Amino acid sequence: MTEKSDIYDTVIIGGGPAGATAAHDLAESGRRVVLLDRAGRIKPCGGAIPPRAIRDFAIPDHMIVAKIKAARMVSPSDVEVDMPIDGGYVGMVDREFFDEWLRSRAAEAGAERRTGLFKRYERDESGVNTVHYDERAADGTMREASVRTRALIGADGAVSAVARQFLPGDDRVPYVFAYHEIIRAPQQSPTVKYDSQRCDVYYQGTVSPDFYGWVFPHGDTVSVGTGSMMKGFSLRDSVGELRKAAGLDEVETIRKEGAPIPLHPLPRWDDGHSVLLAGDAAGVVAPASGEGIYYAMLGGRLAAEAVDEFLATADAKALKLARKRFMRANGSVFRILGLMQWYWYSNDKRREQFVNICRDRDVQKLTWDAYMNKKLVRAKPIAHVRIFFKNLAHMTGLASV
């Protein structure tokens, strides 16, 4: 018979920003936590985190590898529009080091780290979950191990193995597949289109037929990438051409990575018993921008709060609070960004109009205010009215490109 002390409060699958944040918060609150993560996995990511994430999650300055002061939007006809950030910056992190720092912080708070590949979970008649995973033995062979837990958080990415066990196929969402190459930061020259304090975003159908391409500084390195949900579109070829266009084709390549990015939050995050999803597994990536780090960490924190309440009350309804609270805070933003992606990314004519709109100072100010603070800005209704009519003019073709 298994002793109660052998049963953990929570096992968290996946050690990215969502899983590591959930592990940290639960361990800090006194819960017995196992954080199970695969070794050597680095997610392709532009690495942008807004000031709100830095504040809310106490991210130290040494983790910020670059401070972005502007964004450059590039249209299909190569028109470049700069959007400066007035009085502030967007932080950039390198996921190779940032994610490990988050996992280490969770361990310092008391979470037990284990390395392995999740296989499945099962539940006994008492309601306790047994999580099965593969781990590497001392002799190098793989063996199956298991751990028992009262609750389980699946933070194992867009194609979540945890979610597949309790969500039918029609509950899954479509996703963009992202690919990027991490390269050495180049020396400045007339042929290189690069600024270590600027993010370049390419809204061009040749770069992506339904998303965008990017050149994002990471201090000593640079992320050059793109994404698409169109089958048959070569992301590698697109990134190669993007590097040539930016004058970065001769720079040393350090690593190449690819992964799916979900397009909108799943309709269900829990199994109605003791399992909850967080991060990409729950689909919390912002449409249009593909931004996920802040939303993953927020989702991890809300998952931790919901699981902590579930553990205290044994009421499975508490698990639903994670999605309810997330959508209450971010649902409107996600819906607006989804409409933007659907309309403005549909063809190059609209992409050209979109970049042209970005010249507008009202658009720039409200865009940065909303991004930096992670909420819709209502402080200047007149600016919103002006932007509405400008958008309407572009949508109807009344405005010149």
# chains A, B, ... in the order shown; residues from 1 in each chain; ligands from 1

$ residues_around --residues "stretch 131-141 of chain A" --least-positions-apart "4" --cutoff "12 Å" --atoms "only C-alpha atoms" --output "VMD selection string"
chain A and resid 7 to 8 10 to 13 34 to 39 114 to 124 145 to 154 161 to 162 275

$ select_by_dssp --residues "stretch 137-354 of chain A" --states "helix (DSSP H, G or I)" --output "MDAnalysis selection string"
chainID A and resid 161:166 169:171 235:245 279:282 293:313 316:344 348:354

$ residues_around --residues "A:Cys199" --least-positions-apart "2" --cutoff "9 Å" --atoms "only C-alpha atoms" --output "mmCIF file with C-alpha atoms, in the first residue's frame"
data_model
loop_
_atom_site.group_PDB
_atom_site.id
_atom_site.type_symbol
_atom_site.label_atom_id
_atom_site.label_comp_id
_atom_site.auth_asym_id
_atom_site.auth_seq_id
_atom_site.Cartn_x
_atom_site.Cartn_y
_atom_site.Cartn_z
ATOM 1 C CA ILE A 68 14.106 47.241 -27.769
ATOM 2 C CA LYS A 69 13.327 50.916 -28.336
ATOM 3 C CA ALA A 70 11.462 50.640 -31.671
ATOM 4 C CA ALA A 71 9.860 48.305 -34.189
ATOM 5 C CA ARG A 72 10.255 48.522 -37.960
ATOM 6 C CA MET A 73 7.337 47.290 -40.062
ATOM 7 C CA TYR A 194 19.846 45.405 -38.417
ATOM 8 C CA ASP A 195 19.729 47.470 -35.253
ATOM 9 C CA SER A 196 20.416 45.907 -31.857
ATOM 10 C CA GLN A 197 17.638 48.028 -30.306
ATOM 11 C CA VAL A 201 8.734 42.680 -38.705
ATOM 12 C CA TRP A 214 10.942 38.714 -37.994
ATOM 13 C CA VAL A 215 14.472 39.795 -37.156
ATOM 14 C CA PHE A 216 14.686 40.148 -33.368
ATOM 15 C CA PRO A 217 17.869 41.092 -31.458
#

$ closest_atom_pairs --of "stretch 152-239 of chain A" --to "stretch 259-273 of chain A" --cutoff "6 Å" --atoms "only C-alpha atoms" --output "tab-separated table"
residue	atom	partner	partner_atom	distance
A:Ala158	CA	A:Pro262	CA	5.9
A:Tyr175	CA	A:Pro262	CA	4.2
A:Val176	CA	A:Ile261	CA	5.0
A:Phe177	CA	A:Pro260	CA	4.2
A:Ala178	CA	A:Ala259	CA	5.4

$ residues_around --residues "stretch 320-328 of chain A" --least-positions-apart "6" --cutoff "10 Å" --atoms "only C-alpha atoms" --output "mmCIF file with N, CA and C atoms, in the first residue's frame"
data_model
loop_
_atom_site.group_PDB
_atom_site.id
_atom_site.type_symbol
_atom_site.label_atom_id
_atom_site.label_comp_id
_atom_site.auth_asym_id
_atom_site.auth_seq_id
_atom_site.Cartn_x
_atom_site.Cartn_y
_atom_site.Cartn_z
ATOM 1 N N PRO A 265 -7.237 30.322 -27.708
ATOM 2 C CA PRO A 265 -7.395 29.472 -26.521
ATOM 3 C C PRO A 265 -8.376 28.333 -26.739
ATOM 4 N N LEU A 266 -8.079 27.194 -26.148
ATOM 5 C CA LEU A 266 -8.984 26.051 -26.221
ATOM 6 C C LEU A 266 -10.277 26.350 -25.463
ATOM 7 N N PRO A 267 -11.380 25.740 -25.880
ATOM 8 C CA PRO A 267 -12.645 25.951 -25.167
ATOM 9 C C PRO A 267 -12.683 25.286 -23.799
ATOM 10 N N ARG A 268 -11.846 24.276 -23.585
ATOM 11 C CA ARG A 268 -11.752 23.610 -22.284
ATOM 12 C C ARG A 268 -10.297 23.496 -21.881
ATOM 13 N N TRP A 269 -10.038 23.736 -20.581
ATOM 14 C CA TRP A 269 -8.681 23.593 -20.062
ATOM 15 C C TRP A 269 -8.566 22.497 -19.018
ATOM 16 N N ASP A 270 -9.683 21.954 -18.557
ATOM 17 C CA ASP A 270 -9.607 20.948 -17.494
ATOM 18 C C ASP A 270 -10.471 19.744 -17.849
ATOM 19 N N ASP A 271 -10.218 18.629 -17.148
ATOM 20 C CA ASP A 271 -10.948 17.387 -17.423
ATOM 21 C C ASP A 271 -12.135 17.186 -16.495
ATOM 22 N N GLY A 272 -12.441 18.194 -15.666
ATOM 23 C CA GLY A 272 -13.561 18.064 -14.748
ATOM 24 C C GLY A 272 -13.255 17.237 -13.520
ATOM 25 N N LEU A 276 -5.450 19.948 -15.476
ATOM 26 C CA LEU A 276 -5.616 21.304 -16.006
ATOM 27 C C LEU A 276 -4.495 21.610 -16.982
ATOM 28 N N LEU A 277 -4.807 22.383 -18.023
ATOM 29 C CA LEU A 277 -3.812 22.782 -19.020
ATOM 30 C C LEU A 277 -3.347 24.215 -18.777
ATOM 31 N N ALA A 278 -2.139 24.530 -19.268
ATOM 32 C CA ALA A 278 -1.591 25.882 -19.141
ATOM 33 C C ALA A 278 -0.654 26.167 -20.304
ATOM 34 N N ALA A 282 -2.885 25.132 -23.522
ATOM 35 C CA ALA A 282 -4.216 25.717 -23.398
ATOM 36 C C ALA A 282 -4.536 26.671 -24.540
ATOM 37 N N VAL A 284 -2.890 29.625 -25.247
ATOM 38 C CA VAL A 284 -2.835 31.044 -24.885
ATOM 39 C C VAL A 284 -1.654 31.759 -25.550
ATOM 40 N N TYR A 295 1.706 35.585 -21.737
ATOM 41 C CA TYR A 295 0.444 34.866 -21.563
ATOM 42 C C TYR A 295 0.673 33.469 -20.984
ATOM 43 N N LEU A 298 1.325 34.075 -17.246
ATOM 44 C CA LEU A 298 0.054 34.391 -16.601
ATOM 45 C C LEU A 298 -0.816 33.137 -16.491
ATOM 46 N N GLY A 299 -0.876 32.360 -17.580
ATOM 47 C CA GLY A 299 -1.652 31.123 -17.539
ATOM 48 C C GLY A 299 -1.127 30.148 -16.498
ATOM 49 N N GLY A 300 0.216 30.070 -16.361
ATOM 50 C CA GLY A 300 0.802 29.214 -15.342
ATOM 51 C C GLY A 300 0.431 29.674 -13.944
ATOM 52 N N ARG A 301 0.459 30.990 -13.729
ATOM 53 C CA ARG A 301 0.090 31.526 -12.411
ATOM 54 C C ARG A 301 -1.384 31.258 -12.098
ATOM 55 N N LEU A 302 -2.254 31.468 -13.072
ATOM 56 C CA LEU A 302 -3.680 31.213 -12.853
ATOM 57 C C LEU A 302 -3.956 29.721 -12.663
ATOM 58 N N ALA A 303 -3.210 28.874 -13.367
ATOM 59 C CA ALA A 303 -3.345 27.433 -13.163
ATOM 60 C C ALA A 303 -2.941 27.053 -11.745
ATOM 61 N N ALA A 304 -1.845 27.651 -11.261
ATOM 62 C CA ALA A 304 -1.397 27.372 -9.899
ATOM 63 C C ALA A 304 -2.451 27.793 -8.879
ATOM 64 N N GLU A 305 -3.055 28.960 -9.095
ATOM 65 C CA GLU A 305 -4.088 29.429 -8.178
ATOM 66 C C GLU A 305 -5.295 28.492 -8.180
ATOM 67 N N ALA A 306 -5.707 28.059 -9.374
ATOM 68 C CA ALA A 306 -6.867 27.173 -9.475
ATOM 69 C C ALA A 306 -6.585 25.813 -8.840
ATOM 70 N N VAL A 307 -5.394 25.274 -9.095
ATOM 71 C CA VAL A 307 -5.043 23.974 -8.521
ATOM 72 C C VAL A 307 -4.904 24.075 -7.008
ATOM 73 N N GLU A 309 -6.546 26.029 -5.065
ATOM 74 C CA GLU A 309 -7.912 26.041 -4.524
ATOM 75 C C GLU A 309 -8.545 24.662 -4.602
ATOM 76 N N PHE A 310 -8.293 23.951 -5.701
ATOM 77 C CA PHE A 310 -8.801 22.580 -5.831
ATOM 78 C C PHE A 310 -8.242 21.680 -4.734
ATOM 79 N N PHE A 334 -7.666 39.206 -27.307
ATOM 80 C CA PHE A 334 -7.481 38.082 -28.214
ATOM 81 C C PHE A 334 -8.469 38.137 -29.375
#

$ residues_around --residues "A:Lys349" --least-positions-apart "2" --cutoff "10 Å" --atoms "only C-alpha atoms" --output "number ranges by chain"
A: 75-77, 204-205, 344-347, 351-354, 401

$ residues_around --residues "A:Tyr179" --least-positions-apart "2" --cutoff "10 Å" --atoms "only C-alpha atoms" --output "NGL selection string"
:A and (43-45 or 176-177 or 181 or 213 or 223-228 or 234-236 or 238-239 or 256-260)

$ closest_residue --among "A:Val207, A:Ile336, A:Ile254, A:Leu26" --to "A:Asp237" --atoms "only C-alpha atoms"
A:Val207

$ closest_residue --among "A:Asp210, A:Asp369, A:Asp82, A:Asp156" --to "A:Ile357" --atoms "only C-alpha atoms"
A:Asp82

$ atom_distance --atom1 "atom CA of A:Ala106" --atom2 "atom CA of A:Ala27"
7.2 Å

$ closest_residue --among "A:Ser160, A:Thr21, A:Thr191, A:Gln364" --to "A:Ala53" --atoms "only C-alpha atoms"
A:Thr21

$ closest_residue --among "A:Phe211, A:Phe98, A:Tyr202, A:Phe166" --to "A:Leu242" --atoms "only C-alpha atoms"
A:Tyr202
